[in-house]
Structure formats: structure tokens, C-alpha cells
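Worksheet for the structure shown next.
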Amino acid sequence: MSVYDNFFENISPESWEFFAIDFLSCLGFNVEQYPSRGIDGGIDALVEYNNKKYIVSCKHYFISNKSVGTTDEPSILDRIFQHDADGFIGFYSTTVSNQLAIRFKEISNKGYECIFYDKNIISNFLPKIHSHILQKYGLPNKIKYVMNVEHYNYKPLQCLVCGKDILDDKNISRSMALICLNNDDELEYLYGCKKCLSDIFDLGWIEVNQSLHQEQLNGWINFVDNYINNRKLSTTFYKHKSEYESRIQQRMFPSNWGQWLPIVE
């Protein structure tokens with residue numbers, strides 16, 4: 001059982017087509033034609049990569065666990081010719097049958113590239129693509145952020161200026177942390193609403209929304225740790241640093257839930 005089984009299961013067949021486009025876009029494909037309702041001419045989308053055009057065919061058989069076979073993908077070459085394309089991309093929530101895999105190889109040997117992304121290949125990419133894609137298709141409606149503690153254990157992270165909880169859903173995208181020098185040339189660590197901190201000349205900053213991704217928080221921690229060498233620190237520097245780094249963990253996205261900046265090439 002894959003950690004992403006619930007993710008695949010909860011995507012509707014129609015949403016699966018748009019998920020495919022978002023996924024391929026994250027991999028660097030340019031979208032030339034989006035999915036649409038009605039007769040589609042044997043394709044669900046058209047994408048381009050490195051001056052090659054590909055027709056995209058999406059099959060979402062996760063509930064039935066049916067593999068995608070040759071009867072599900074008829075006349076692939078005809079469809080490529082019809083749309084003046086250079087290749088074919090299959091985007092599947094299950095696996096590909098041996099017969100279809102052989103068909104893909106035969107077509108590729110004729111000079112028309114056939115690529116497929118099945119459940120296993122997609123799952124391998126999901127930890128590395130942009131997290132907003134998984135949020136868009138995987139979290140329940142109207143839920144944008146996760147909560148990793150029970151409500152009675154939750155500790156707010158209050159803006160150091162106005163006192164608002166910057167880990168509240170409505171404030172996360174409006175808040176940040178930064179380091180700066182105070183009037184005594186001491187290094188300060190501050191966090192709060194962007195509006196409250198807007199007049200401060202910072203030496204480095206990170207958005208709270210960005211901090212919810214472990215690789216970004218780690219980068220910020222390393223940046224700050226490297227910056228404090230041979231610096232005079234304020235009396236509250238480590239207190240604020242510890243509060244931010246510990247309390248942000250309450251809202252962190254799971255490590256397999258995508259990244260702030262995708263690293264897929």
C-alpha cells in the first residue's frame with residue numbers, strides 16, 4: 001500500500017485530467033491545450049517539451065485497480081498524426097499492461113516517443129513537486145494547512161508587534177520571520193505580521209507559509225546559524241529563534257507532501 005493511496009482514491013476522473021496537467025507543468029512541460037468537456041478527439045490535453053508536442057491521455061482506474069491495456073489506448077499512432085504531434089504521454093493511476101508497454105516500445109521504435117506515468121512513477125515524483133499541487137487535489141475542501149497537534153496542546157506564535165497568532169490559517173500567508181540589527185548593532189530575531197514588520201531593514205527573511213516546508217525551514221535555520229558567527233546578539237535573540245523553530249512544527253507539511261520549490265528537472 002502506497003502512502004499516496006488515499007490521495008489517488010479521492011481524485012475524481014475529471015480532476016485527474018487537471019492533476020495530470022499540473023503534474024506535467026511541474027516537470028517542465030508547456031500546456032498547449034487543456035482538458036475540456038465533450039468530444040476530445042482521442043486526447044485529454046496537448047503539451048510541449050523541448051520543441052516536441054505530445055498528446056496526453058489520462059486513465060483513472062484506481063478504484064477498480066484495473067491496469068491500462070491496449071483496448072483502453074487504441075490507435076495511438078493515428079491520434080498522434082491527427083494532432084500533428086511528436087509523441088504520446090499516458091497518465092495513469094494504476095499500472096500498464098505488458099501488451100501496452102510493448103505497444104509503446106513499438107511506436108517509439110518508429111520515431112514517436114511514448115512516455116507513461118503510472119501510479120508508481122507518479123508516487124516517486126510527488127515528494128519533489130510543488131506542494132500546492134498536492135494541497136489542491138489532496139486536502140479536503142477549504143482546508144489549506146495541516147495541524148500536527150491536538151487543539152489542547154497547540155501553542156500560538158504571536159506577532160511580536162500586534163499579538164496576532166501568525167500560525168492561524170488566515171494569518172499564515174501574511175506573516176514572516178526575519179533577522180535585523182537593532183539600535184545597539186545587536187542581531188535581533190523577529191517574527192510577526194508582514195505589515196507590522198514592513199518598516200524594518202532586514203538582513204534576511206522567510207515567509208511563514210514557506211517555513212511550513214521542511215527543506216525551506218532547514219535552509220532558514222542554516223542561514224541564521226551561519227549569520228550569527230562573531231555577531232553580538234540581543235538578549236531575546238535565542239528566545240525568539242527557539243519559539244519560531246519549535247512552534248512552526250505544529251503546522252508543518254508532511255515531508256512527503258511536496259516542496260515549496262520543486263526540484264524536479
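Scheme for the C-alpha cells: letters A, B, ... for chains in order shown; per-chain residue numbers from 1; ligand numbers from 1 in order shown.
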
Mind checking which residues fall within 9 Å of A:Ile122, counting only C-alpha atoms, ignoring those fewer than 5 positions away in the same chain, and posting them as a PyMOL selection string? chain A and resi 23+91-93+117

May I have the residues from that selection written out with C-alpha atoms, as an mmCIF file, in the first residue's frame?
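Saved to selection.cif:
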data_model
loop_
_atom_site.group_PDB
_atom_site.id
_atom_site.type_symbol
_atom_site.label_atom_id
_atom_site.label_comp_id
_atom_site.auth_asym_id
_atom_site.auth_seq_id
_atom_site.Cartn_x
_atom_site.Cartn_y
_atom_site.Cartn_z
ATOM 1 C CA PHE A 23 1.935 17.496 -12.649
ATOM 2 C CA PHE A 91 -1.008 9.396 -17.295
ATOM 3 C CA TYR A 92 -2.414 6.540 -15.241
ATOM 4 C CA SER A 93 -3.420 5.960 -11.617
ATOM 5 C CA TYR A 117 3.486 7.907 -15.806
#

DSSP on the backbone, then: every residue of stretch 43-255 of chain A marked alpha helix (DSSP H), written as JSON, numbers by chain. {"A": [76, 77, 78, 79, 80, 81, 82, 98, 99, 100, 101, 102, 103, 104, 105, 106, 107, 108, 109, 119, 120, 121, 122, 123, 124, 125, 131, 132, 133, 134, 135, 136, 137, 138, 169, 170, 171, 172, 194, 195, 196, 197, 208, 209, 210, 211, 214, 215, 216, 217, 218, 219, 220, 221, 222, 223, 224, 225, 226, 227, 237, 238, 239, 240, 241, 242, 243, 244, 245, 246, 247]}

Let's see if you can do this: from backbone DSSP, list all strand (DSSP E) residues in stretch 24-259 of chain A, as a PyMOL selection string. chain A and resi 30-33+45-49+52-59+87-92+113-117+175-181+187-193+202-207

With C-alpha atoms retained, write the just-selected residues as an mmCIF file, in the first residue's frame.
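And here is the file that came out, part-v8.cif:
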data_model
loop_
_atom_site.group_PDB
_atom_site.id
_atom_site.type_symbol
_atom_site.label_atom_id
_atom_site.label_comp_id
_atom_site.auth_asym_id
_atom_site.auth_seq_id
_atom_site.Cartn_x
_atom_site.Cartn_y
_atom_site.Cartn_z
ATOM 1 C CA ASN A 30 4.236 23.643 -21.508
ATOM 2 C CA VAL A 31 0.485 23.269 -21.894
ATOM 3 C CA GLU A 32 -0.888 23.944 -25.374
ATOM 4 C CA GLN A 33 -4.385 22.539 -24.886
ATOM 5 C CA ALA A 45 -4.542 17.572 -23.466
ATOM 6 C CA LEU A 46 -1.611 18.702 -25.595
ATOM 7 C CA VAL A 47 1.751 19.598 -24.062
ATOM 8 C CA GLU A 48 5.151 20.635 -25.397
ATOM 9 C CA TYR A 49 8.675 19.984 -24.177
ATOM 10 C CA LYS A 52 8.249 18.357 -29.200
ATOM 11 C CA LYS A 53 4.469 18.169 -28.947
ATOM 12 C CA TYR A 54 2.784 15.325 -27.054
ATOM 13 C CA ILE A 55 -0.815 14.225 -26.841
ATOM 14 C CA VAL A 56 -1.826 13.347 -23.273
ATOM 15 C CA SER A 57 -4.207 10.519 -22.412
ATOM 16 C CA CYS A 58 -5.425 10.147 -18.805
ATOM 17 C CA LYS A 59 -6.903 6.980 -17.290
ATOM 18 C CA GLY A 87 4.743 11.708 -29.190
ATOM 19 C CA PHE A 88 2.335 10.360 -26.616
ATOM 20 C CA ILE A 89 2.063 10.622 -22.821
ATOM 21 C CA GLY A 90 -0.077 8.257 -20.796
ATOM 22 C CA PHE A 91 -1.008 9.396 -17.295
ATOM 23 C CA TYR A 92 -2.414 6.540 -15.241
ATOM 24 C CA GLU A 113 8.209 8.962 -28.325
ATOM 25 C CA CYS A 114 5.833 7.240 -25.899
ATOM 26 C CA ILE A 115 6.069 8.183 -22.228
ATOM 27 C CA PHE A 116 3.879 6.912 -19.432
ATOM 28 C CA TYR A 117 3.486 7.907 -15.806
ATOM 29 C CA SER A 175 3.394 36.629 8.218
ATOM 30 C CA MET A 176 7.158 36.211 8.265
ATOM 31 C CA ALA A 177 10.329 35.876 10.342
ATOM 32 C CA LEU A 178 13.477 37.939 9.889
ATOM 33 C CA ILE A 179 16.801 38.905 11.370
ATOM 34 C CA CYS A 180 17.963 42.507 11.649
ATOM 35 C CA LEU A 181 20.212 44.852 13.624
ATOM 36 C CA LEU A 187 21.330 40.970 15.918
ATOM 37 C CA GLU A 188 17.607 40.553 16.504
ATOM 38 C CA TYR A 189 15.360 37.616 15.581
ATOM 39 C CA LEU A 190 11.793 38.775 14.949
ATOM 40 C CA TYR A 191 8.562 37.214 13.709
ATOM 41 C CA GLY A 192 5.133 38.636 13.073
ATOM 42 C CA CYS A 193 2.730 40.055 10.509
ATOM 43 C CA ASP A 202 16.194 43.099 7.438
ATOM 44 C CA LEU A 203 19.320 41.061 6.836
ATOM 45 C CA GLY A 204 17.302 38.035 5.739
ATOM 46 C CA TRP A 205 13.734 36.786 5.983
ATOM 47 C CA ILE A 206 11.409 33.851 5.397
ATOM 48 C CA GLU A 207 7.647 33.697 4.969
#

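Nearest-residue note for A:Arg251: choosing from A:Leu212, A:Ala101, A:Leu217, A:Leu197, the minimum distance belongs to A:Leu212, counting only C-alpha atoms.
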
To one decimal place in Å, what is the distance between atom CA of A:Asn120 and atom CA of A:Lys144? 25.8 Å

Pick from A:Lys110, A:Lys136, A:Lys232, A:Lys155, whichever lies nearest to A:Leu77 using only C-alpha atoms: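 Smallest separation from A:Leu77 among the options: A:Lys110.
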
Within 12 Å of A:Phe7, counting only C-alpha atoms, which residues show up once you throw out same-chain ones fewer than 6 positions away? Write them as a PyMOL selection string, please. chain A and resi 15-16+19+62-63+93+119+122-123+126+133-140+256-257

Only C-alpha atoms, please: the residues just picked out, written as a PDB file, in the first residue's frame.
ATOM      1  CA  SER A  15      -9.915  16.220 -11.670  1.00  0.00           C
ATOM      2  CA  TRP A  16      -7.402  13.526 -12.620  1.00  0.00           C
ATOM      3  CA  PHE A  19      -3.959  16.954 -11.945  1.00  0.00           C
ATOM      4  CA  PHE A  62      -7.570   3.436  -9.170  1.00  0.00           C
ATOM      5  CA  ILE A  63     -10.856   2.314  -7.590  1.00  0.00           C
ATOM      6  CA  SER A  93      -3.420   5.960 -11.617  1.00  0.00           C
ATOM      7  CA  LYS A 119       0.925   5.082 -10.092  1.00  0.00           C
ATOM      8  CA  ILE A 122       3.873   9.445 -10.091  1.00  0.00           C
ATOM      9  CA  SER A 123       4.311   8.490  -6.421  1.00  0.00           C
ATOM     10  CA  LEU A 126       5.150  13.576  -5.576  1.00  0.00           C
ATOM     11  CA  ILE A 133      -0.455  20.641  -6.305  1.00  0.00           C
ATOM     12  CA  LEU A 134      -0.969  18.120  -3.521  1.00  0.00           C
ATOM     13  CA  GLN A 135      -2.882  20.690  -1.488  1.00  0.00           C
ATOM     14  CA  LYS A 136      -5.089  21.419  -4.485  1.00  0.00           C
ATOM     15  CA  TYR A 137      -6.083  17.805  -5.089  1.00  0.00           C
ATOM     16  CA  GLY A 138      -5.379  16.037  -1.819  1.00  0.00           C
ATOM     17  CA  LEU A 139      -6.646  18.060   1.125  1.00  0.00           C
ATOM     18  CA  PRO A 140     -10.372  18.271   1.917  1.00  0.00           C
ATOM     19  CA  ASN A 256       6.207  13.603   1.513  1.00  0.00           C
ATOM     20  CA  TRP A 257       3.712  16.360   0.740  1.00  0.00           C
TER      21      TRP A 257
END

Just checking: using only C-alpha atoms, which residue out of A:Gly28, A:His213, A:Gln249, A:Gln99 ends up closest to A:Pro127?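 Of A:Gly28, A:His213, A:Gln249, A:Gln99, the one nearest A:Pro127 is A:His213, counting only C-alpha atoms.
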